[in-house]
Each structure stands twice: as C-alpha cells, then as structure tokens.
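Report on the following structure.
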Amino acid sequence: MGHGVFAIACLALLGSSGIDSLDVRLEQTRIYLEELESRQASSEEILAGIHEHLGAARGYYNELAAREARITMDIHSIDQRWFLTDSARADLETGVEDYILFLYSHRRLVESSVLFAPGGISRYLRRMSFMDHLAGSAIERMQYLEQSGDSLSEYRDSLEILVEDVRILRLQMETAQGRIYREEERQTLLRRNLESEIAAARDSADAMEQRRQQLSAFVTTLRAGVSTSSIPSAEVSSSAYLAVNCGAVGWPVRGSIIRGFGLDRDPIYGTETISDGISIAIAGNSARVSTIGPGVVIYAREFLNLGRMVVLDHLDGYISVYAHLGSLEVGRGETVTAGSFLGMTGPLPGGRPGCYLEIRRAGEPVNPLEYLE
C-alpha cells in the first residue's frame, strides 16, 4: 500500500499532527529520486537517494506503528473501564430489584391493629407515600442505568470497529515494512556490488593512466633514440605535412569514434580517464589501416596492452601512433607515404574491431579530429 493510503487511514483515526511532515518528506524524496533518474545521475547518487527514501519511509511507518500502539492501549483501557461499569451496573440492578421486592413485600404485611390505632391511618399513608417515592427513585435509577448500559454498548461497538480498523492498518504496515526490509537488503547487496565495480573501475582507470604515461614516455624516448629527423622534438617545421593539411588529412580507417580525445568521465562509476588519442570502431570485422601522412616507421611490434602498434615519425616535428592492430604490414625503418598500408584493424578494449590513433606535435598529444577530414 502506498504512503498516501496510510496517510488517509491515519488521518481518519488520529488526526494529522506529525504525520503530515513525514508524508511531505516522503513525497520530497520520491520526487528527488525521479529527478535523479530523469537526468541519468550516477549509480552512487541514485543509491544514496534510494537510501534516503527508505529512511523517510521507515520513519513514516514507524510513526504510524507508534500511533497504532497508543490507540490500542487506549482502547484496552476503555474496554477495561467498560467491563467495570457494566459489572457495577449489573450489581446495582440486582440490588435495586431486591430493594423493590423488599418495599412491596413490607407494604403488604401491615396488621389491622396498626391501621386502627390512633393516627395509624395517617402514619400508614405517610409510610406508603414514602415507600412509593423510594420505589419511584429506584425505578428512575434503573432506567438511567439501562440507558447508560445502552450507551456503553454502543460505544463498545464503536471501539470494536476502531479495533478492526487499527488491526487492518497494522497488517498493512507490516506488509509495507516487509517490503522495506527486502528493498534494503537488495540495495545493500547492490551497493556492495557497485562499490566493488567502482573499485575495479578505478583500478582500471589507474592502470589506463599508467599505460598512457608509459606510452608517452616510450614514444618520446623512442624518437630521441632513433634520431631520424634533424628537427628537434620540441620544434615543428613550418612545412609540416599535418599542419599544412590540417582539417584535410585522410582517416587511417573509416568508422565511428567510441573514445574521444582528452578527459572522459564514466557516467556510471564516476571515474575519470585521459586519452591522448581517439579510438575508431569499424562496422565490419576487419579493415585496412593506412598512414595519415608520410614518414619513417620507428616502431612496429606489440606494446603492453595496446596490441600491435606502429609509431611513425613524420620528420617534421609530428609523430603518429596506430595501436590495437590485428596485423602489421610494415617494419621498423621503412619509409611510407600518406595512405600507405600499415596493417589490419584488431580488437579495441571492449571487443569491437577498430584501431587507436594518436598524434603528437612537438612531443605533446593533440586532438586528431582537428587534423582529420
């Protein structure tokens, strides 16, 4: 049963008082959860919102349970008073009946000597009048007690109806509490699983960052060690191919970008990773990967978890990196032109076929999308 039905039942039995404020808080947390889901908040935020909502629901239903307990105690106390009053009424009825029988039995037992004695008739009449007065008072008292008994019976009937209403409300609350307990258990398990997944995602992000730094350091060291160009790594030629053809450079492979350049925040786990290049996924199973400009191959083999990788020195201050290749068709030291065949696409992280492209200008990574056509 929803919290609105609880509110109606309790207001009918108890009045609003503190229930209203709890009902408002419960509604506020429900709206907050809808807002989180509508803006696709992180799982951590949604779990925190659910936890807050469950806390509000627990406070709401606990207040109802406390109210129900107090009503039950009041009903029990009234019930006890009713039994005591009913017992007293029954005893009084018996006493009045005995008293009336006593009066009228003595009224009939009047001897003739009493009547014919001086002033006897007068005394007899006064006595009979007084006895009639006592009898009348006793009858009025009996009628009052009967009316009181009827009122108590009606009130008892009302209390029995109230007891039944409270019993139904309590059963409904127990059902709701059971759902809350089950939901809390489910959320606890979900939170534990999510925390484990978040920890794994953070470890993965840390590992990715470490590999990114390793690749950066490797490419820098690799070019310095090969020394294939007269252009220092910190300078760029004014006639650099990628600079001259910026915005019109051919793609290494046609596909869709599934990981862009720069900082990326995971919407589920909240982890942040940096990519020095772009990941291009293809539609088919395999495709040819081509160079984006002329240069010399200074590395062509596997590297860490980047799979088969080619590093190309464009001899003008630019370097391009092609990774996650399924096969290699060039070797170290080869001279290539723009569009030369490097190899075939391979599996990207996550399993989709494609390749990774990175462009470095004077040793610093730049966004490849600024150069590609």
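The chains in the structure tokens are called A, B, ... from first to last as shown; in each chain the residues are counted from 1, and the ligands are counted from 1 in the order shown.
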
Near-region 292-301 of chain A list (7 Å; only C-alpha atoms; drop same-chain fewer than 4 positions) as a ChimeraX atom specification: /A:241-242,249-252,308-315,330-339

Could you write out that same residue set with N, CA and C atoms as a PDB file, in the first residue's frame?
```
ATOM      1  N   TYR A 241      53.630  18.325 -42.846  1.00  0.00           N
ATOM      2  CA  TYR A 241      52.528  17.800 -43.646  1.00  0.00           C
ATOM      3  C   TYR A 241      51.187  17.922 -42.918  1.00  0.00           C
ATOM      4  N   LEU A 242      51.143  17.500 -41.667  1.00  0.00           N
ATOM      5  CA  LEU A 242      49.883  17.522 -40.915  1.00  0.00           C
ATOM      6  C   LEU A 242      49.403  18.946 -40.647  1.00  0.00           C
ATOM      7  N   VAL A 249      43.335  15.874 -43.639  1.00  0.00           N
ATOM      8  CA  VAL A 249      44.131  14.646 -43.582  1.00  0.00           C
ATOM      9  C   VAL A 249      43.197  13.441 -43.642  1.00  0.00           C
ATOM     10  N   GLY A 250      43.584  12.438 -44.452  1.00  0.00           N
ATOM     11  CA  GLY A 250      42.765  11.240 -44.579  1.00  0.00           C
ATOM     12  C   GLY A 250      42.748  10.408 -43.302  1.00  0.00           C
ATOM     13  N   TRP A 251      41.616   9.734 -43.070  1.00  0.00           N
ATOM     14  CA  TRP A 251      41.470   8.888 -41.873  1.00  0.00           C
ATOM     15  C   TRP A 251      42.303   7.608 -42.040  1.00  0.00           C
ATOM     16  N   PRO A 252      42.830   7.077 -40.923  1.00  0.00           N
ATOM     17  CA  PRO A 252      43.553   5.802 -41.028  1.00  0.00           C
ATOM     18  C   PRO A 252      42.590   4.673 -41.375  1.00  0.00           C
ATOM     19  N   ARG A 308      49.326  -4.835 -31.273  1.00  0.00           N
ATOM     20  CA  ARG A 308      50.331  -4.481 -32.284  1.00  0.00           C
ATOM     21  C   ARG A 308      50.255  -2.980 -32.545  1.00  0.00           C
ATOM     22  N   MET A 309      51.411  -2.323 -32.535  1.00  0.00           N
ATOM     23  CA  MET A 309      51.441  -0.866 -32.602  1.00  0.00           C
ATOM     24  C   MET A 309      52.513  -0.407 -33.589  1.00  0.00           C
ATOM     25  N   VAL A 310      52.195   0.674 -34.309  1.00  0.00           N
ATOM     26  CA  VAL A 310      53.139   1.294 -35.236  1.00  0.00           C
ATOM     27  C   VAL A 310      53.322   2.744 -34.807  1.00  0.00           C
ATOM     28  N   VAL A 311      54.578   3.179 -34.706  1.00  0.00           N
ATOM     29  CA  VAL A 311      54.883   4.573 -34.416  1.00  0.00           C
ATOM     30  C   VAL A 311      55.573   5.149 -35.639  1.00  0.00           C
ATOM     31  N   LEU A 312      55.011   6.244 -36.153  1.00  0.00           N
ATOM     32  CA  LEU A 312      55.516   6.849 -37.386  1.00  0.00           C
ATOM     33  C   LEU A 312      56.049   8.257 -37.100  1.00  0.00           C
ATOM     34  N   ASP A 313      57.332   8.485 -37.452  1.00  0.00           N
ATOM     35  CA  ASP A 313      57.937   9.809 -37.317  1.00  0.00           C
ATOM     36  C   ASP A 313      57.780  10.512 -38.663  1.00  0.00           C
ATOM     37  N   HIS A 314      57.033  11.637 -38.644  1.00  0.00           N
ATOM     38  CA  HIS A 314      56.791  12.359 -39.894  1.00  0.00           C
ATOM     39  C   HIS A 314      57.958  13.290 -40.262  1.00  0.00           C
ATOM     40  N   LEU A 315      59.019  13.308 -39.446  1.00  0.00           N
ATOM     41  CA  LEU A 315      60.265  14.032 -39.734  1.00  0.00           C
ATOM     42  C   LEU A 315      60.071  15.552 -39.831  1.00  0.00           C
ATOM     43  N   VAL A 330      54.203  -3.439 -42.089  1.00  0.00           N
ATOM     44  CA  VAL A 330      55.410  -2.623 -42.201  1.00  0.00           C
ATOM     45  C   VAL A 330      56.376  -3.027 -41.098  1.00  0.00           C
ATOM     46  N   GLY A 331      57.639  -2.644 -41.277  1.00  0.00           N
ATOM     47  CA  GLY A 331      58.654  -2.934 -40.291  1.00  0.00           C
ATOM     48  C   GLY A 331      59.410  -1.678 -39.917  1.00  0.00           C
ATOM     49  N   ARG A 332      60.154  -1.763 -38.855  1.00  0.00           N
ATOM     50  CA  ARG A 332      60.931  -0.628 -38.356  1.00  0.00           C
ATOM     51  C   ARG A 332      61.943  -0.182 -39.410  1.00  0.00           C
ATOM     52  N   GLY A 333      62.003   1.134 -39.618  1.00  0.00           N
ATOM     53  CA  GLY A 333      62.953   1.699 -40.556  1.00  0.00           C
ATOM     54  C   GLY A 333      62.385   1.948 -41.940  1.00  0.00           C
ATOM     55  N   GLU A 334      61.163   1.448 -42.226  1.00  0.00           N
ATOM     56  CA  GLU A 334      60.587   1.637 -43.551  1.00  0.00           C
ATOM     57  C   GLU A 334      60.090   3.073 -43.725  1.00  0.00           C
ATOM     58  N   THR A 335      60.219   3.575 -44.954  1.00  0.00           N
ATOM     59  CA  THR A 335      59.700   4.884 -45.306  1.00  0.00           C
ATOM     60  C   THR A 335      58.332   4.704 -45.970  1.00  0.00           C
ATOM     61  N   VAL A 336      57.352   5.493 -45.538  1.00  0.00           N
ATOM     62  CA  VAL A 336      55.988   5.343 -46.062  1.00  0.00           C
ATOM     63  C   VAL A 336      55.488   6.700 -46.560  1.00  0.00           C
ATOM     64  N   THR A 337      54.429   6.663 -47.328  1.00  0.00           N
ATOM     65  CA  THR A 337      53.781   7.891 -47.806  1.00  0.00           C
ATOM     66  C   THR A 337      52.384   7.978 -47.198  1.00  0.00           C
ATOM     67  N   ALA A 338      51.705   9.088 -47.411  1.00  0.00           N
ATOM     68  CA  ALA A 338      50.335   9.227 -46.921  1.00  0.00           C
ATOM     69  C   ALA A 338      49.441   8.189 -47.577  1.00  0.00           C
ATOM     70  N   GLY A 339      48.709   7.423 -46.772  1.00  0.00           N
ATOM     71  CA  GLY A 339      47.815   6.386 -47.288  1.00  0.00           C
ATOM     72  C   GLY A 339      48.452   5.031 -47.426  1.00  0.00           C
TER      73      GLY A 339
END
```

Sel. of strand (DSSP E) residues, region 249-331 of chain A, as JSON, numbers by chain: {"A": [256, 257, 258, 259, 262, 263, 264, 265, 272, 273, 274, 275, 277, 278, 279, 280, 281, 288, 289, 290, 295, 296, 297, 298, 299, 300, 301, 302, 308, 309, 310, 311, 312, 313, 318, 319, 320, 321, 322, 323, 324, 325, 326, 327, 328]}

Please write the residues from the selection above to a file, keeping N, CA and C atoms, as a compact mmCIF listing (two decimals), in the first residue's frame.
```
# COMPACT_ATOMS: atom_id res chain seq x y z
N SER A 256 33.43 4.87 -36.53
CA SER A 256 32.82 5.78 -35.56
C SER A 256 33.74 5.94 -34.36
N ILE A 257 33.74 7.13 -33.79
CA ILE A 257 34.57 7.41 -32.61
C ILE A 257 33.87 6.88 -31.36
N ILE A 258 34.48 5.92 -30.67
CA ILE A 258 33.89 5.40 -29.45
C ILE A 258 34.63 5.88 -28.20
N ARG A 259 35.77 6.52 -28.40
CA ARG A 259 36.50 7.13 -27.29
C ARG A 259 37.22 8.35 -27.84
N GLY A 262 41.15 13.41 -24.86
CA GLY A 262 41.10 14.20 -23.63
C GLY A 262 40.44 13.49 -22.47
N LEU A 263 39.89 14.31 -21.56
CA LEU A 263 39.32 13.79 -20.30
C LEU A 263 37.94 13.19 -20.55
N ASP A 264 37.68 12.04 -19.94
CA ASP A 264 36.37 11.39 -20.06
C ASP A 264 35.96 10.90 -18.68
N ARG A 265 34.70 11.19 -18.31
CA ARG A 265 34.16 10.77 -17.02
C ARG A 265 33.11 9.68 -17.24
N GLU A 272 37.50 9.01 -13.89
CA GLU A 272 37.97 9.90 -14.93
C GLU A 272 39.25 9.34 -15.55
N THR A 273 39.29 9.33 -16.87
CA THR A 273 40.47 8.86 -17.59
C THR A 273 40.83 9.88 -18.67
N ILE A 274 42.09 9.86 -19.04
CA ILE A 274 42.58 10.76 -20.09
C ILE A 274 43.06 9.92 -21.26
N SER A 275 42.65 10.32 -22.45
CA SER A 275 43.11 9.63 -23.66
C SER A 275 43.89 10.62 -24.51
N GLY A 277 44.59 10.07 -27.57
CA GLY A 277 44.19 9.87 -28.96
C GLY A 277 42.72 9.53 -29.04
N ILE A 278 42.31 8.92 -30.15
CA ILE A 278 40.93 8.53 -30.37
C ILE A 278 40.87 7.06 -30.73
N SER A 279 39.76 6.41 -30.37
CA SER A 279 39.53 5.01 -30.73
C SER A 279 38.45 4.97 -31.78
N ILE A 280 38.75 4.35 -32.93
CA ILE A 280 37.84 4.31 -34.07
C ILE A 280 37.34 2.88 -34.24
N ALA A 281 36.03 2.67 -34.09
CA ALA A 281 35.44 1.34 -34.29
C ALA A 281 34.88 1.25 -35.70
N ARG A 288 41.44 -2.24 -43.56
CA ARG A 288 42.83 -1.82 -43.73
C ARG A 288 43.08 -0.52 -42.96
N VAL A 289 44.26 -0.43 -42.33
CA VAL A 289 44.67 0.77 -41.62
C VAL A 289 45.79 1.43 -42.42
N SER A 290 45.62 2.75 -42.70
CA SER A 290 46.59 3.46 -43.53
C SER A 290 47.24 4.60 -42.75
N GLY A 295 56.31 9.48 -43.69
CA GLY A 295 57.24 9.43 -42.58
C GLY A 295 58.04 8.16 -42.56
N VAL A 296 58.68 7.90 -41.43
CA VAL A 296 59.52 6.72 -41.23
C VAL A 296 58.99 5.93 -40.04
N VAL A 297 58.86 4.61 -40.21
CA VAL A 297 58.41 3.73 -39.13
C VAL A 297 59.53 3.57 -38.12
N ILE A 298 59.31 4.01 -36.91
CA ILE A 298 60.34 3.86 -35.88
C ILE A 298 59.99 2.78 -34.85
N TYR A 299 58.77 2.21 -34.97
CA TYR A 299 58.40 1.10 -34.09
C TYR A 299 57.26 0.35 -34.76
N ALA A 300 57.37 -0.99 -34.75
CA ALA A 300 56.33 -1.83 -35.34
C ALA A 300 56.34 -3.19 -34.67
N ARG A 301 55.67 -3.30 -33.55
CA ARG A 301 55.55 -4.56 -32.83
C ARG A 301 54.54 -4.36 -31.69
N GLU A 302 54.35 -5.36 -30.86
CA GLU A 302 53.39 -5.25 -29.77
C GLU A 302 53.93 -4.34 -28.67
N ARG A 308 49.33 -4.84 -31.27
CA ARG A 308 50.33 -4.48 -32.28
C ARG A 308 50.25 -2.98 -32.55
N MET A 309 51.41 -2.32 -32.53
CA MET A 309 51.44 -0.87 -32.60
C MET A 309 52.51 -0.41 -33.59
N VAL A 310 52.19 0.67 -34.31
CA VAL A 310 53.14 1.29 -35.24
C VAL A 310 53.32 2.74 -34.81
N VAL A 311 54.58 3.18 -34.71
CA VAL A 311 54.88 4.57 -34.42
C VAL A 311 55.57 5.15 -35.64
N LEU A 312 55.01 6.24 -36.15
CA LEU A 312 55.52 6.85 -37.39
C LEU A 312 56.05 8.26 -37.10
N ASP A 313 57.33 8.49 -37.45
CA ASP A 313 57.94 9.81 -37.32
C ASP A 313 57.78 10.51 -38.66
N TYR A 318 56.13 16.13 -36.03
CA TYR A 318 54.91 15.37 -35.72
C TYR A 318 55.22 13.88 -35.64
N ILE A 319 54.50 13.19 -34.81
CA ILE A 319 54.57 11.73 -34.68
C ILE A 319 53.13 11.22 -34.64
N SER A 320 52.86 10.11 -35.27
CA SER A 320 51.54 9.47 -35.19
C SER A 320 51.69 8.04 -34.69
N VAL A 321 50.72 7.62 -33.89
CA VAL A 321 50.74 6.28 -33.29
C VAL A 321 49.46 5.55 -33.70
N TYR A 322 49.61 4.29 -34.14
CA TYR A 322 48.49 3.45 -34.56
C TYR A 322 48.56 2.18 -33.71
N ALA A 323 47.53 1.92 -32.91
CA ALA A 323 47.58 0.78 -32.00
C ALA A 323 46.32 -0.08 -32.11
N HIS A 324 46.35 -1.22 -31.41
CA HIS A 324 45.28 -2.22 -31.44
C HIS A 324 45.10 -2.79 -32.86
N LEU A 325 46.20 -2.93 -33.55
CA LEU A 325 46.15 -3.51 -34.89
C LEU A 325 46.12 -5.03 -34.80
N GLY A 326 45.41 -5.65 -35.76
CA GLY A 326 45.34 -7.10 -35.78
C GLY A 326 46.52 -7.73 -36.49
N SER A 327 47.14 -6.98 -37.39
CA SER A 327 48.32 -7.48 -38.11
C SER A 327 49.16 -6.29 -38.55
N LEU A 328 50.44 -6.54 -38.85
CA LEU A 328 51.36 -5.49 -39.28
C LEU A 328 51.88 -5.80 -40.67
```

Between CA of Met208 (chain A) and CA of Met344 (chain A), distance in Å (one decimal):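 Computing the Euclidean distance for CA of Met208 (chain A) and CA of Met344 (chain A) yields 23.5 Å.
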
Counting only C-alpha atoms, the residue of A:Gly247, A:Gly178, A:Gly136, A:Pro365 that sits nearest Arg58 (chain A): A:Gly178

Residues of region 273-368 of chain A in helix (DSSP H, G or I), written as a PyMOL selection string: chain A and resi 304-306+368
